[in-house]
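Here is the structure we will look at.
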Amino acid sequence: MRGVLPGHVDELVIAGTLVNCWVKKIFVDAGSCADIILYDAFKKMNLDEEDLKPCKTMLVAFNGEHTPPKGYIDLRLTLGAKEAFRSERVRFIVANFPSEYNIILGRPTIHQWDMLVSKKHQKLKMVSNKNEIITVCGDQKESRGCYFDTIKENEGGR
């Protein structure tokens, strides 16, 4: 619990590298049946809409409204540190609904990557590409809606 505010009820919000961009406000949501990148983040990363593939799934936004996705795209997601990280392609549905998050990491990746998620401890654990146990810490400031630059170019990304 070191570094975690006591008595909180915060969601687990982390940061990672998507393609070559450092992305904050990645909401780890075991209640989501999809991995989602929000359209605003998609645009800020200068990704090409022509690379989107059609998607027939209907999404339900945080406000309960049904929203058709823009499509889906497979992108490389990297979590962890330079010394120990996990990096794989993830299929993201591109959604255009209001959200304070850039990415919603749902059950497909949580299960595929064998993540152990603890909101209380603000951490997730998983096995790295080198077969080591790694810990990714949450950012309670981001979870509480503080605004920071949430996407920037990652120098020499993975």
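As shown in the structure tokens, the chain order sets the letters A, B, ...; within each chain, residues go from 1, and ligands are also counted from 1 in the order they appear.
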
Spatial neighbours of Lys25 (chain A), max dist 8 Å, only C-alpha atoms, sep filter under 3 positions, as a PDB file with all heavy atoms, in the first residue's frame:
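result.pdb, written as the output of this step:
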```
ATOM      1  N   VAL A  13      -6.060   3.360 -12.842  1.00  0.00           N
ATOM      2  CA  VAL A  13      -5.725   4.094 -14.057  1.00  0.00           C
ATOM      3  C   VAL A  13      -4.211   4.091 -14.175  1.00  0.00           C
ATOM      4  O   VAL A  13      -3.504   4.497 -13.246  1.00  0.00           O
ATOM      5  CB  VAL A  13      -6.281   5.539 -14.008  1.00  0.00           C
ATOM      6  CG1 VAL A  13      -5.875   6.314 -15.245  1.00  0.00           C
ATOM      7  CG2 VAL A  13      -7.803   5.515 -13.868  1.00  0.00           C
ATOM      8  N   ILE A  14      -3.708   3.616 -15.323  1.00  0.00           N
ATOM      9  CA  ILE A  14      -2.280   3.461 -15.532  1.00  0.00           C
ATOM     10  C   ILE A  14      -1.847   4.240 -16.765  1.00  0.00           C
ATOM     11  O   ILE A  14      -2.658   4.900 -17.407  1.00  0.00           O
ATOM     12  CB  ILE A  14      -1.894   1.969 -15.668  1.00  0.00           C
ATOM     13  CG1 ILE A  14      -2.604   1.343 -16.879  1.00  0.00           C
ATOM     14  CG2 ILE A  14      -2.231   1.211 -14.381  1.00  0.00           C
ATOM     15  CD1 ILE A  14      -2.167  -0.081 -17.198  1.00  0.00           C
ATOM     16  N   ALA A  15      -0.568   4.139 -17.105  1.00  0.00           N
ATOM     17  CA  ALA A  15      -0.026   4.729 -18.323  1.00  0.00           C
ATOM     18  C   ALA A  15       0.773   3.658 -19.048  1.00  0.00           C
ATOM     19  O   ALA A  15       1.218   2.675 -18.455  1.00  0.00           O
ATOM     20  CB  ALA A  15       0.861   5.924 -17.985  1.00  0.00           C
ATOM     21  N   GLU A 100     -13.309  10.609 -19.799  1.00  0.00           N
ATOM     22  CA  GLU A 100     -12.091  11.242 -19.308  1.00  0.00           C
ATOM     23  C   GLU A 100     -10.876  10.351 -19.553  1.00  0.00           C
ATOM     24  O   GLU A 100      -9.752  10.754 -19.316  1.00  0.00           O
ATOM     25  CB  GLU A 100     -12.208  11.583 -17.822  1.00  0.00           C
ATOM     26  CG  GLU A 100     -12.427  10.375 -16.939  1.00  0.00           C
ATOM     27  CD  GLU A 100     -12.663  10.768 -15.497  1.00  0.00           C
ATOM     28  OE1 GLU A 100     -13.793  11.159 -15.186  1.00  0.00           O
ATOM     29  OE2 GLU A 100     -11.705  10.685 -14.711  1.00  0.00           O
ATOM     30  N   TYR A 101     -11.103   9.123 -20.053  1.00  0.00           N
ATOM     31  CA  TYR A 101     -10.017   8.188 -20.312  1.00  0.00           C
ATOM     32  C   TYR A 101      -9.634   8.198 -21.790  1.00  0.00           C
ATOM     33  O   TYR A 101     -10.445   8.547 -22.642  1.00  0.00           O
ATOM     34  CB  TYR A 101     -10.433   6.772 -19.899  1.00  0.00           C
ATOM     35  CG  TYR A 101     -10.899   6.701 -18.472  1.00  0.00           C
ATOM     36  CD1 TYR A 101     -12.236   6.478 -18.163  1.00  0.00           C
ATOM     37  CD2 TYR A 101     -10.009   6.897 -17.421  1.00  0.00           C
ATOM     38  CE1 TYR A 101     -12.663   6.438 -16.849  1.00  0.00           C
ATOM     39  CE2 TYR A 101     -10.431   6.862 -16.105  1.00  0.00           C
ATOM     40  CZ  TYR A 101     -11.761   6.632 -15.824  1.00  0.00           C
ATOM     41  OH  TYR A 101     -12.195   6.607 -14.524  1.00  0.00           O
ATOM     42  N   ASN A 102      -8.406   7.783 -22.075  1.00  0.00           N
ATOM     43  CA  ASN A 102      -7.953   7.642 -23.455  1.00  0.00           C
ATOM     44  C   ASN A 102      -8.155   6.215 -23.952  1.00  0.00           C
ATOM     45  O   ASN A 102      -8.449   5.996 -25.114  1.00  0.00           O
ATOM     46  CB  ASN A 102      -6.472   8.013 -23.570  1.00  0.00           C
ATOM     47  CG  ASN A 102      -6.252   9.490 -23.347  1.00  0.00           C
ATOM     48  OD1 ASN A 102      -6.903  10.321 -23.965  1.00  0.00           O
ATOM     49  ND2 ASN A 102      -5.353   9.825 -22.441  1.00  0.00           N
ATOM     50  N   ILE A 103      -7.960   5.266 -23.043  1.00  0.00           N
ATOM     51  CA  ILE A 103      -8.094   3.847 -23.373  1.00  0.00           C
ATOM     52  C   ILE A 103      -8.840   3.169 -22.234  1.00  0.00           C
ATOM     53  O   ILE A 103      -8.638   3.505 -21.069  1.00  0.00           O
ATOM     54  CB  ILE A 103      -6.703   3.184 -23.548  1.00  0.00           C
ATOM     55  CG1 ILE A 103      -6.003   3.742 -24.790  1.00  0.00           C
ATOM     56  CG2 ILE A 103      -6.809   1.661 -23.617  1.00  0.00           C
ATOM     57  CD1 ILE A 103      -4.573   3.278 -24.938  1.00  0.00           C
ATOM     58  N   GLU A 142      -4.519  10.731 -11.746  1.00  0.00           N
ATOM     59  CA  GLU A 142      -5.222  10.564 -13.018  1.00  0.00           C
ATOM     60  C   GLU A 142      -6.602   9.958 -12.782  1.00  0.00           C
ATOM     61  O   GLU A 142      -7.573  10.327 -13.429  1.00  0.00           O
ATOM     62  CB  GLU A 142      -4.423   9.677 -13.971  1.00  0.00           C
ATOM     63  CG  GLU A 142      -3.130  10.286 -14.456  1.00  0.00           C
ATOM     64  CD  GLU A 142      -3.322  11.458 -15.406  1.00  0.00           C
ATOM     65  OE1 GLU A 142      -4.466  11.773 -15.805  1.00  0.00           O
ATOM     66  OE2 GLU A 142      -2.308  12.068 -15.752  1.00  0.00           O
ATOM     67  N   SER A 143      -6.691   9.033 -11.852  1.00  0.00           N
ATOM     68  CA  SER A 143      -7.960   8.388 -11.551  1.00  0.00           C
ATOM     69  C   SER A 143      -8.978   9.394 -11.030  1.00  0.00           C
ATOM     70  O   SER A 143     -10.167   9.267 -11.272  1.00  0.00           O
ATOM     71  CB  SER A 143      -7.754   7.279 -10.515  1.00  0.00           C
ATOM     72  OG  SER A 143      -8.965   6.686 -10.171  1.00  0.00           O
ATOM     73  N   THR A 150      -1.996  14.198 -21.614  1.00  0.00           N
ATOM     74  CA  THR A 150      -2.228  12.773 -21.521  1.00  0.00           C
ATOM     75  C   THR A 150      -1.600  11.962 -22.649  1.00  0.00           C
ATOM     76  O   THR A 150      -1.487  10.769 -22.540  1.00  0.00           O
ATOM     77  CB  THR A 150      -3.739  12.473 -21.459  1.00  0.00           C
ATOM     78  OG1 THR A 150      -4.362  13.026 -22.589  1.00  0.00           O
ATOM     79  CG2 THR A 150      -4.338  13.038 -20.194  1.00  0.00           C
TER      80      THR A 150
END
```

Determine, using only C-alpha atoms, which residues of region 33-100 of chain A have any atom at most 10 Å from an atom of region 136-139 of chain A, and tabulate each with its shortest atom pair and distance in Å to one decimal place, rows ordered by chain and then rising number, as JSON lines.
```
{"residue": "A:Leu79", "atom": "CA", "partner": "A:Val136", "partner_atom": "CA", "distance": 7.3}
{"residue": "A:Gly80", "atom": "CA", "partner": "A:Val136", "partner_atom": "CA", "distance": 5.8}
{"residue": "A:Ala81", "atom": "CA", "partner": "A:Val136", "partner_atom": "CA", "distance": 8.4}
{"residue": "A:Phe85", "atom": "CA", "partner": "A:Val136", "partner_atom": "CA", "distance": 9.2}
```

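Closest approach to Lys70 (chain A) from the set A:Ile93, A:Ile36, A:Ile110, A:Leu47 is made by A:Ile93, with distances taken over only C-alpha atoms.
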
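For the atom pair formed by CA of Thr109 (chain A) and CA of Lys43 (chain A), the distance is 22.3 Å, given to one decimal.
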
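Closest approach to Lys44 (chain A) among A:Glu11, A:Lys141, A:Lys119, A:Val23 is made by A:Val23 (distances from only C-alpha atoms).
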
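Between CA of Met126 (chain A) and CA of Asp114 (chain A) lies a distance of 6.1 Å.
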
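Take the candidates A:Lys53, A:Arg144, A:His121, A:Arg76 and check each one against Leu18 (chain A) using only C-alpha atoms; the shortest distance goes to A:Arg76.
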
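Counting only C-alpha atoms and comparing A:Ile133, A:Val90, A:Phe97, A:Pro6, the residue that lies closest to Leu59 (chain A) is A:Phe97.
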
CA of Phe62 (chain A) to CA of Ala95 (chain A), distance in Å rounded to a single decimal: 11.7 Å
